[in-house]
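A.B. asks: If it helps, the file is called upload26.pdb and holds PDB, C-alpha atoms:
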MODEL        1
ATOM      1  CA  ALA A   1     -16.302 -25.322 148.468
ATOM      2  CA  GLN A   2     -12.652 -25.719 149.309
ATOM      3  CA  SER A   3     -11.715 -29.158 150.546
ATOM      4  CA  VAL A   4      -8.781 -31.405 151.260
ATOM      5  CA  THR A   5      -8.926 -35.136 150.642
ATOM      6  CA  GLN A   6      -6.670 -37.725 152.155
ATOM      7  CA  PRO A   7      -8.008 -40.913 150.585
ATOM      8  CA  ASP A   8      -6.149 -43.311 152.866
ATOM      9  CA  ILE A   9      -7.495 -43.522 156.401
ATOM     10  CA  HIS A  10      -4.904 -46.023 157.598
ATOM     11  CA  ILE A  11      -1.670 -47.235 156.052
ATOM     12  CA  THR A  12       0.677 -49.885 157.360
ATOM     13  CA  VAL A  13       4.237 -50.174 156.091
ATOM     14  CA  SER A  14       7.223 -52.193 157.157
ATOM     15  CA  GLU A  15      10.122 -50.433 158.794
ATOM     16  CA  GLY A  16      12.637 -49.489 156.143
ATOM     17  CA  ALA A  17      10.061 -49.452 153.362
ATOM     18  CA  SER A  18       9.170 -46.361 151.395
ATOM     19  CA  LEU A  19       6.068 -44.327 152.123
ATOM     20  CA  GLU A  20       3.730 -42.132 150.159
ATOM     21  CA  LEU A  21       0.726 -40.423 151.715
ATOM     22  CA  ARG A  22      -1.730 -38.891 149.317
ATOM     23  CA  CYS A  23      -3.357 -35.489 149.498
ATOM     24  CA  ASN A  24      -5.616 -33.786 146.983
ATOM     25  CA  TYR A  25      -7.182 -30.387 147.304
ATOM     26  CA  SER A  26     -10.030 -28.581 145.707
ATOM     27  CA  TYR A  27      -9.333 -24.884 145.434
ATOM     28  CA  GLY A  28      -9.879 -22.193 142.851
ATOM     29  CA  ALA A  29      -6.348 -20.876 143.092
ATOM     30  CA  THR A  30      -3.081 -22.455 144.188
ATOM     31  CA  PRO A  31      -3.211 -22.484 147.945
ATOM     32  CA  TYR A  32      -0.458 -22.710 150.468
ATOM     33  CA  LEU A  33       0.049 -26.364 151.346
ATOM     34  CA  PHE A  34       1.188 -28.005 154.551
ATOM     35  CA  TRP A  35       1.827 -31.395 156.059
ATOM     36  CA  TYR A  36       1.595 -31.820 159.815
ATOM     37  CA  VAL A  37       2.238 -34.867 161.979
ATOM     38  CA  GLN A  38       0.491 -35.658 165.244
ATOM     39  CA  SER A  39       1.676 -38.265 167.715
ATOM     40  CA  PRO A  40      -0.959 -39.697 170.079
ATOM     41  CA  GLY A  41      -2.133 -37.140 172.605
ATOM     42  CA  GLN A  42       0.099 -34.447 171.170
ATOM     43  CA  GLY A  43      -0.291 -31.279 169.185
ATOM     44  CA  LEU A  44       0.625 -30.935 165.544
ATOM     45  CA  GLN A  45       4.182 -30.572 164.301
ATOM     46  CA  LEU A  46       4.898 -28.963 160.961
ATOM     47  CA  LEU A  47       6.712 -31.322 158.600
ATOM     48  CA  LEU A  48       6.940 -29.105 155.544
ATOM     49  CA  LYS A  49       5.140 -26.461 153.526
ATOM     50  CA  TYR A  50       4.819 -25.211 149.980
ATOM     51  CA  PHE A  51       4.067 -21.635 149.047
ATOM     52  CA  SER A  52       5.693 -21.238 145.633
ATOM     53  CA  GLY A  53       8.829 -22.069 143.676
ATOM     54  CA  ASP A  54      10.397 -25.505 143.489
ATOM     55  CA  THR A  55       7.568 -28.007 143.553
ATOM     56  CA  LEU A  56       9.595 -30.587 145.476
ATOM     57  CA  VAL A  57       9.977 -29.465 149.058
ATOM     58  CA  GLN A  58      12.089 -30.981 151.762
ATOM     59  CA  GLY A  59      10.952 -31.160 155.345
ATOM     60  CA  ILE A  60      12.070 -32.397 158.698
ATOM     61  CA  LYS A  61      12.655 -36.042 159.636
ATOM     62  CA  GLY A  62      13.563 -36.987 156.069
ATOM     63  CA  PHE A  63      10.147 -36.219 154.577
ATOM     64  CA  GLU A  64       9.544 -34.553 151.252
ATOM     65  CA  ALA A  65       6.447 -33.595 149.300
ATOM     66  CA  GLU A  66       5.786 -32.772 145.685
ATOM     67  CA  PHE A  67       3.231 -30.256 144.493
ATOM     68  CA  LYS A  68       1.576 -31.204 141.223
ATOM     69  CA  ARG A  69      -0.695 -28.462 139.982
ATOM     70  CA  SER A  70      -2.174 -30.559 137.184
ATOM     71  CA  GLN A  71      -3.313 -33.178 139.684
ATOM     72  CA  SER A  72      -4.131 -30.776 142.543
ATOM     73  CA  SER A  73      -1.995 -32.995 144.709
ATOM     74  CA  PHE A  74       0.610 -32.590 147.405
ATOM     75  CA  ASN A  75       1.757 -36.101 148.293
ATOM     76  CA  LEU A  76       4.110 -36.758 151.184
ATOM     77  CA  ARG A  77       6.974 -39.215 150.772
ATOM     78  CA  LYS A  78       9.743 -40.777 152.741
ATOM     79  CA  PRO A  79      12.234 -43.247 151.256
ATOM     80  CA  SER A  80      12.740 -45.326 154.401
ATOM     81  CA  VAL A  81      10.258 -45.349 157.259
ATOM     82  CA  HIS A  82      11.350 -45.622 160.877
ATOM     83  CA  TRP A  83       9.238 -47.061 163.670
ATOM     84  CA  SER A  84       9.114 -43.594 165.241
ATOM     85  CA  ASP A  85       7.249 -42.301 162.190
ATOM     86  CA  ALA A  86       4.087 -44.055 163.355
ATOM     87  CA  ALA A  87       1.601 -41.231 163.866
ATOM     88  CA  GLU A  88      -1.315 -39.394 162.290
ATOM     89  CA  TYR A  89      -0.511 -37.236 159.292
ATOM     90  CA  PHE A  90      -2.615 -34.270 158.234
ATOM     91  CA  CYS A  91      -2.515 -32.398 154.981
ATOM     92  CA  ALA A  92      -3.770 -28.821 155.191
ATOM     93  CA  VAL A  93      -4.265 -25.890 152.886
ATOM     94  CA  VAL A  94      -4.864 -22.201 153.311
ATOM     95  CA  LEU A  95      -5.692 -19.571 150.764
ATOM     96  CA  GLY A  96      -2.505 -17.663 150.062
ATOM     97  CA  GLY A  97      -2.173 -14.445 151.950
ATOM     98  CA  SER A  98      -4.528 -15.320 154.757
ATOM     99  CA  GLN A  99      -3.488 -16.551 158.152
ATOM    100  CA  GLY A 100      -6.708 -18.273 158.979
ATOM    101  CA  ASN A 101      -8.971 -20.686 157.175
ATOM    102  CA  LEU A 102      -6.519 -23.561 157.490
ATOM    103  CA  ILE A 103      -8.457 -26.472 156.061
ATOM    104  CA  PHE A 104      -7.426 -29.943 157.130
ATOM    105  CA  GLY A 105      -7.838 -33.311 155.556
ATOM    106  CA  LYS A 106      -9.245 -36.075 157.716
ATOM    107  CA  GLY A 107      -5.799 -37.487 158.335
ATOM    108  CA  THR A 108      -3.959 -40.703 157.554
ATOM    109  CA  LYS A 109      -2.867 -42.945 160.361
ATOM    110  CA  LEU A 110       0.492 -44.561 159.720
ATOM    111  CA  SER A 111       1.411 -47.815 161.411
ATOM    112  CA  VAL A 112       4.911 -49.259 161.078
ATOM    113  CA  LYS A 113       5.569 -52.998 161.221
ATOM    114  CA  PRO A 114       8.890 -54.150 162.629
TER
ATOM    115  CA  GLY B   1      11.631 -20.737 166.809
ATOM    116  CA  ALA B   2       7.840 -20.501 166.580
ATOM    117  CA  VAL B   3       7.001 -22.338 169.761
ATOM    118  CA  VAL B   4       3.482 -22.394 171.126
ATOM    119  CA  SER B   5       2.660 -23.687 174.574
ATOM    120  CA  GLN B   6      -0.614 -24.623 176.239
ATOM    121  CA  HIS B   7      -1.573 -25.009 179.844
ATOM    122  CA  PRO B   8      -2.812 -27.208 181.321
ATOM    123  CA  SER B   9      -2.020 -30.282 179.265
ATOM    124  CA  TRP B  10      -4.979 -32.092 180.742
ATOM    125  CA  VAL B  11      -7.813 -31.241 183.096
ATOM    126  CA  ILE B  12     -10.651 -33.117 184.732
ATOM    127  CA  CYS B  13     -13.568 -31.157 186.076
ATOM    128  CA  LYS B  14     -17.088 -31.619 187.345
ATOM    129  CA  SER B  15     -20.077 -30.834 185.208
ATOM    130  CA  GLY B  16     -21.171 -27.222 185.624
ATOM    131  CA  THR B  17     -17.761 -25.801 186.411
ATOM    132  CA  SER B  18     -15.687 -23.555 184.152
ATOM    133  CA  VAL B  19     -12.247 -24.375 182.817
ATOM    134  CA  LYS B  20      -9.643 -21.964 181.463
ATOM    135  CA  ILE B  21      -7.019 -23.023 178.942
ATOM    136  CA  GLU B  22      -4.047 -20.809 178.155
ATOM    137  CA  CYS B  23      -2.208 -20.569 174.870
ATOM    138  CA  ARG B  24       1.101 -18.746 174.683
ATOM    139  CA  SER B  25       3.448 -17.888 171.844
ATOM    140  CA  LEU B  26       6.873 -18.208 173.456
ATOM    141  CA  ASP B  27       9.238 -16.667 170.938
ATOM    142  CA  PHE B  28       7.097 -14.438 168.771
ATOM    143  CA  GLN B  29       4.197 -12.073 169.020
ATOM    144  CA  ALA B  30       0.863 -13.170 167.690
ATOM    145  CA  THR B  31      -1.924 -10.735 166.988
ATOM    146  CA  THR B  32      -4.000 -13.706 165.909
ATOM    147  CA  MET B  33      -4.331 -17.123 167.493
ATOM    148  CA  PHE B  34      -6.621 -19.983 166.605
ATOM    149  CA  TRP B  35      -8.538 -22.466 168.714
ATOM    150  CA  TYR B  36      -9.338 -25.917 167.419
ATOM    151  CA  ARG B  37     -11.230 -28.869 168.778
ATOM    152  CA  GLN B  38     -10.428 -32.439 167.912
ATOM    153  CA  PHE B  39     -12.658 -35.418 168.585
ATOM    154  CA  PRO B  40     -11.142 -38.908 168.836
ATOM    155  CA  LYS B  41      -9.876 -40.235 165.533
ATOM    156  CA  GLN B  42     -11.009 -37.094 163.718
ATOM    157  CA  SER B  43      -9.420 -34.063 162.196
ATOM    158  CA  LEU B  44      -9.208 -30.612 163.713
ATOM    159  CA  MET B  45     -12.191 -28.319 163.668
ATOM    160  CA  LEU B  46     -11.580 -24.600 163.863
ATOM    161  CA  MET B  47     -13.646 -23.126 166.672
ATOM    162  CA  ALA B  48     -12.614 -19.507 166.653
ATOM    163  CA  THR B  49     -10.006 -16.960 165.713
ATOM    164  CA  SER B  50      -8.665 -14.946 168.605
ATOM    165  CA  ASN B  51      -7.684 -11.356 167.874
ATOM    166  CA  GLU B  52      -5.525  -9.327 170.229
ATOM    167  CA  GLY B  53      -7.401  -6.358 171.576
ATOM    168  CA  SER B  54     -10.694  -7.172 169.905
ATOM    169  CA  LYS B  55     -13.455  -9.729 169.912
ATOM    170  CA  ALA B  56     -12.875 -13.244 168.739
ATOM    171  CA  THR B  57     -14.406 -14.509 165.535
ATOM    172  CA  TYR B  58     -16.350 -17.722 166.024
ATOM    173  CA  GLU B  59     -17.051 -20.366 163.435
ATOM    174  CA  GLN B  60     -20.605 -21.227 162.598
ATOM    175  CA  GLY B  61     -22.165 -23.472 165.183
ATOM    176  CA  VAL B  62     -19.740 -22.611 167.983
ATOM    177  CA  GLU B  63     -21.442 -21.061 170.991
ATOM    178  CA  LYS B  64     -19.607 -17.882 171.889
ATOM    179  CA  ASP B  65     -21.167 -17.795 175.347
ATOM    180  CA  LYS B  66     -20.000 -21.321 176.025
ATOM    181  CA  PHE B  67     -16.462 -20.865 174.745
ATOM    182  CA  LEU B  68     -15.147 -17.501 175.924
ATOM    183  CA  ILE B  69     -11.978 -16.297 174.287
ATOM    184  CA  ASN B  70      -9.752 -13.521 175.550
ATOM    185  CA  HIS B  71      -6.626 -12.327 173.765
ATOM    186  CA  ALA B  72      -5.273  -9.850 176.257
ATOM    187  CA  SER B  73      -1.703  -9.614 175.031
ATOM    188  CA  LEU B  74       0.396 -10.353 171.976
ATOM    189  CA  THR B  75       1.564 -13.645 173.478
ATOM    190  CA  LEU B  76      -1.449 -14.959 175.360
ATOM    191  CA  SER B  77      -4.901 -16.137 174.415
ATOM    192  CA  THR B  78      -7.245 -17.951 176.777
ATOM    193  CA  LEU B  79     -10.210 -20.206 176.118
ATOM    194  CA  THR B  80     -12.706 -20.614 178.926
ATOM    195  CA  VAL B  81     -15.214 -23.412 178.685
ATOM    196  CA  THR B  82     -18.097 -22.167 180.798
ATOM    197  CA  SER B  83     -20.515 -24.441 182.623
ATOM    198  CA  ALA B  84     -18.806 -27.449 181.149
ATOM    199  CA  HIS B  85     -20.783 -30.594 180.388
ATOM    200  CA  PRO B  86     -19.626 -34.076 179.452
ATOM    201  CA  GLU B  87     -20.212 -33.350 175.765
ATOM    202  CA  ASP B  88     -17.544 -30.640 176.001
ATOM    203  CA  SER B  89     -14.952 -33.309 176.726
ATOM    204  CA  SER B  90     -12.444 -33.137 173.916
ATOM    205  CA  PHE B  91      -8.913 -32.279 172.882
ATOM    206  CA  TYR B  92      -8.443 -28.536 172.451
ATOM    207  CA  ILE B  93      -5.498 -27.243 170.441
ATOM    208  CA  CYS B  94      -4.406 -23.692 169.822
ATOM    209  CA  SER B  95      -2.160 -22.327 167.139
ATOM    210  CA  ALA B  96      -0.469 -19.080 166.242
ATOM    211  CA  ALA B  97       1.165 -17.853 163.082
ATOM    212  CA  PRO B  98       4.186 -15.554 163.035
ATOM    213  CA  GLY B  99       3.729 -15.428 159.271
ATOM    214  CA  GLU B 100       1.560 -17.606 157.093
ATOM    215  CA  THR B 101       2.438 -20.863 158.803
ATOM    216  CA  GLN B 102       0.462 -21.955 161.833
ATOM    217  CA  TYR B 103       2.357 -23.525 164.702
ATOM    218  CA  PHE B 104       0.403 -25.611 167.145
ATOM    219  CA  GLY B 105       0.458 -26.019 170.872
ATOM    220  CA  PRO B 106       0.638 -29.470 172.450
ATOM    221  CA  GLY B 107      -3.065 -29.532 173.181
ATOM    222  CA  THR B 108      -5.235 -29.735 176.274
ATOM    223  CA  ARG B 109      -7.327 -32.772 176.997
ATOM    224  CA  LEU B 110     -10.522 -31.879 178.854
ATOM    225  CA  LEU B 111     -12.615 -34.476 180.603
ATOM    226  CA  VAL B 112     -15.882 -33.343 182.149
ATOM    227  CA  LEU B 113     -17.423 -35.756 184.607
TER
ENDMDL
END
If you took the structure in this file and wrote it as structure tokens, what would it be?

C.D. replies:
Amino acid sequence: AQSVTQPDIHITVSEGASLELRCNYSYGATPYLFWYVQSPGQGLQLLLKYFSGDTLVQGIKGFEAEFKRSQSSFNLRKPSVHWSDAAEYFCAVVLGGSQGNLIFGKGTKLSVKP
Amino acid sequence: GAVVSQHPSWVICKSGTSVKIECRSLDFQATTMFWYRQFPKQSLMLMATSNEGSKATYEQGVEKDKFLINHASLTLSTLTVTSAHPEDSSFYICSAAPGETQYFGPGTRLLVL
């Protein structure tokens, strides 16, 4: 069955430090890949997405993600974390060509130390 | 672009009453919208897919008589929680996709007393 794994439930980084959030997927074909961010009590905001092409994608708020087919991974990175980045981050995948069946990982909560 | 709104943002109701939640696509038309439920500290669970002009498609285990979905126009889908009970208390989020990217509403927090 298709699945998305975010192995880190909670990560704490210092403000200004770099960040990498991990995401692995299990899918027969290359899916469409997404990262969303959710602040407490809010909906989800799209950070970035990968459908095809350049495997390094840039998103909003200074985030980027790299698709690695050989590792079935789509890790999210940011070179310098800001206190406002503290939130829950969800990796999600959908089978290409279909609008539905968006499968989410369990999320990684990011805390930022001053 | 691709803005999705929800109303209300939070609601408190008595057990046994029904609650309607609206989901609107503000700057695009959506023939399909999605309803999710999120429990505290958990990920989103797809409840149903709302289809304009036809019946919604419910995920396994979701009671269609409990969670009524109506998609009456290309910009509006509603979720009605009928005869709500405390176990229905949750965070409900809708989404819509102008293409192959889903954009999410801000969510509705429901508390059933």

A.B. asks: Got a sec to pull out which chain A residues are within 7 Å of chain B, counting only C-alpha atoms, and send them as a list in words?

C.D. replies: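 So the contacting residues turn out to be Gln42, Gly43, Leu44, Gln45, Ser98, Gln99, Phe104, Gly105, Lys106 and Gly107 of chain A.
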
A.B. asks: So that I can check the surroundings of A:Trp83, please list as a list in words every protein, DNA and RNA residue that reaches within 9 Å of it, counting all atoms listed in the file and ignoring chain neighbours fewer than 2 positions away.

C.D. replies: Ser14, Glu15, Gly16, Val81, Asp85, Ala86, Ser111, Val112, Lys113 and Pro114 of chain A

A.B. asks: Applying 8 Å and only C-alpha atoms, which residues near A:Leu19 remain after dropping the ones on its own chain fewer than 3 positions away? List them as a ChimeraX atom specification.

C.D. replies: /A:13,76-81

A.B. asks: Just so the selection is clear, what residues does the PyMOL selection byres ((chain A and resi 6) around 12) cover here, as a ChimeraX atom specification?

C.D. replies: /A:3-5,7-11,20-26,35,73-76,88-92,104-109 /B:43

A.B. asks: So that I have them on file, write out the residues from the current selection with C-alpha atoms, as a PDB file, keeping the file's coordinate frame.

C.D. replies:
ATOM      1  CA  SER A   3     -11.715 -29.158 150.546  1.00  0.00           C
ATOM      2  CA  VAL A   4      -8.781 -31.405 151.260  1.00  0.00           C
ATOM      3  CA  THR A   5      -8.926 -35.136 150.642  1.00  0.00           C
ATOM      4  CA  PRO A   7      -8.008 -40.913 150.585  1.00  0.00           C
ATOM      5  CA  ASP A   8      -6.149 -43.311 152.866  1.00  0.00           C
ATOM      6  CA  ILE A   9      -7.495 -43.522 156.401  1.00  0.00           C
ATOM      7  CA  HIS A  10      -4.904 -46.023 157.598  1.00  0.00           C
ATOM      8  CA  ILE A  11      -1.670 -47.235 156.052  1.00  0.00           C
ATOM      9  CA  GLU A  20       3.730 -42.132 150.159  1.00  0.00           C
ATOM     10  CA  LEU A  21       0.726 -40.423 151.715  1.00  0.00           C
ATOM     11  CA  ARG A  22      -1.730 -38.891 149.317  1.00  0.00           C
ATOM     12  CA  CYS A  23      -3.357 -35.489 149.498  1.00  0.00           C
ATOM     13  CA  ASN A  24      -5.616 -33.786 146.983  1.00  0.00           C
ATOM     14  CA  TYR A  25      -7.182 -30.387 147.304  1.00  0.00           C
ATOM     15  CA  SER A  26     -10.030 -28.581 145.707  1.00  0.00           C
ATOM     16  CA  TRP A  35       1.827 -31.395 156.059  1.00  0.00           C
ATOM     17  CA  SER A  73      -1.995 -32.995 144.709  1.00  0.00           C
ATOM     18  CA  PHE A  74       0.610 -32.590 147.405  1.00  0.00           C
ATOM     19  CA  ASN A  75       1.757 -36.101 148.293  1.00  0.00           C
ATOM     20  CA  LEU A  76       4.110 -36.758 151.184  1.00  0.00           C
ATOM     21  CA  GLU A  88      -1.315 -39.394 162.290  1.00  0.00           C
ATOM     22  CA  TYR A  89      -0.511 -37.236 159.292  1.00  0.00           C
ATOM     23  CA  PHE A  90      -2.615 -34.270 158.234  1.00  0.00           C
ATOM     24  CA  CYS A  91      -2.515 -32.398 154.981  1.00  0.00           C
ATOM     25  CA  ALA A  92      -3.770 -28.821 155.191  1.00  0.00           C
ATOM     26  CA  PHE A 104      -7.426 -29.943 157.130  1.00  0.00           C
ATOM     27  CA  GLY A 105      -7.838 -33.311 155.556  1.00  0.00           C
ATOM     28  CA  LYS A 106      -9.245 -36.075 157.716  1.00  0.00           C
ATOM     29  CA  GLY A 107      -5.799 -37.487 158.335  1.00  0.00           C
ATOM     30  CA  THR A 108      -3.959 -40.703 157.554  1.00  0.00           C
ATOM     31  CA  LYS A 109      -2.867 -42.945 160.361  1.00  0.00           C
TER      32      LYS A 109
ATOM     33  CA  SER B  43      -9.420 -34.063 162.196  1.00  0.00           C
TER      34      SER B  43
END

A.B. asks: Nearest to A:Ser18 among A:Ala1, A:Asn101, A:His82, A:Val94, with distances taken over only C-alpha atoms: which residue is it?

C.D. replies: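 Distance minimum relative to A:Ser18 lands on A:His82.
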
A.B. asks: How many Å lie between atom CA of A:Pro31 and atom CA of B:His71, rounded to one decimal?

C.D. replies: 28.0 Å
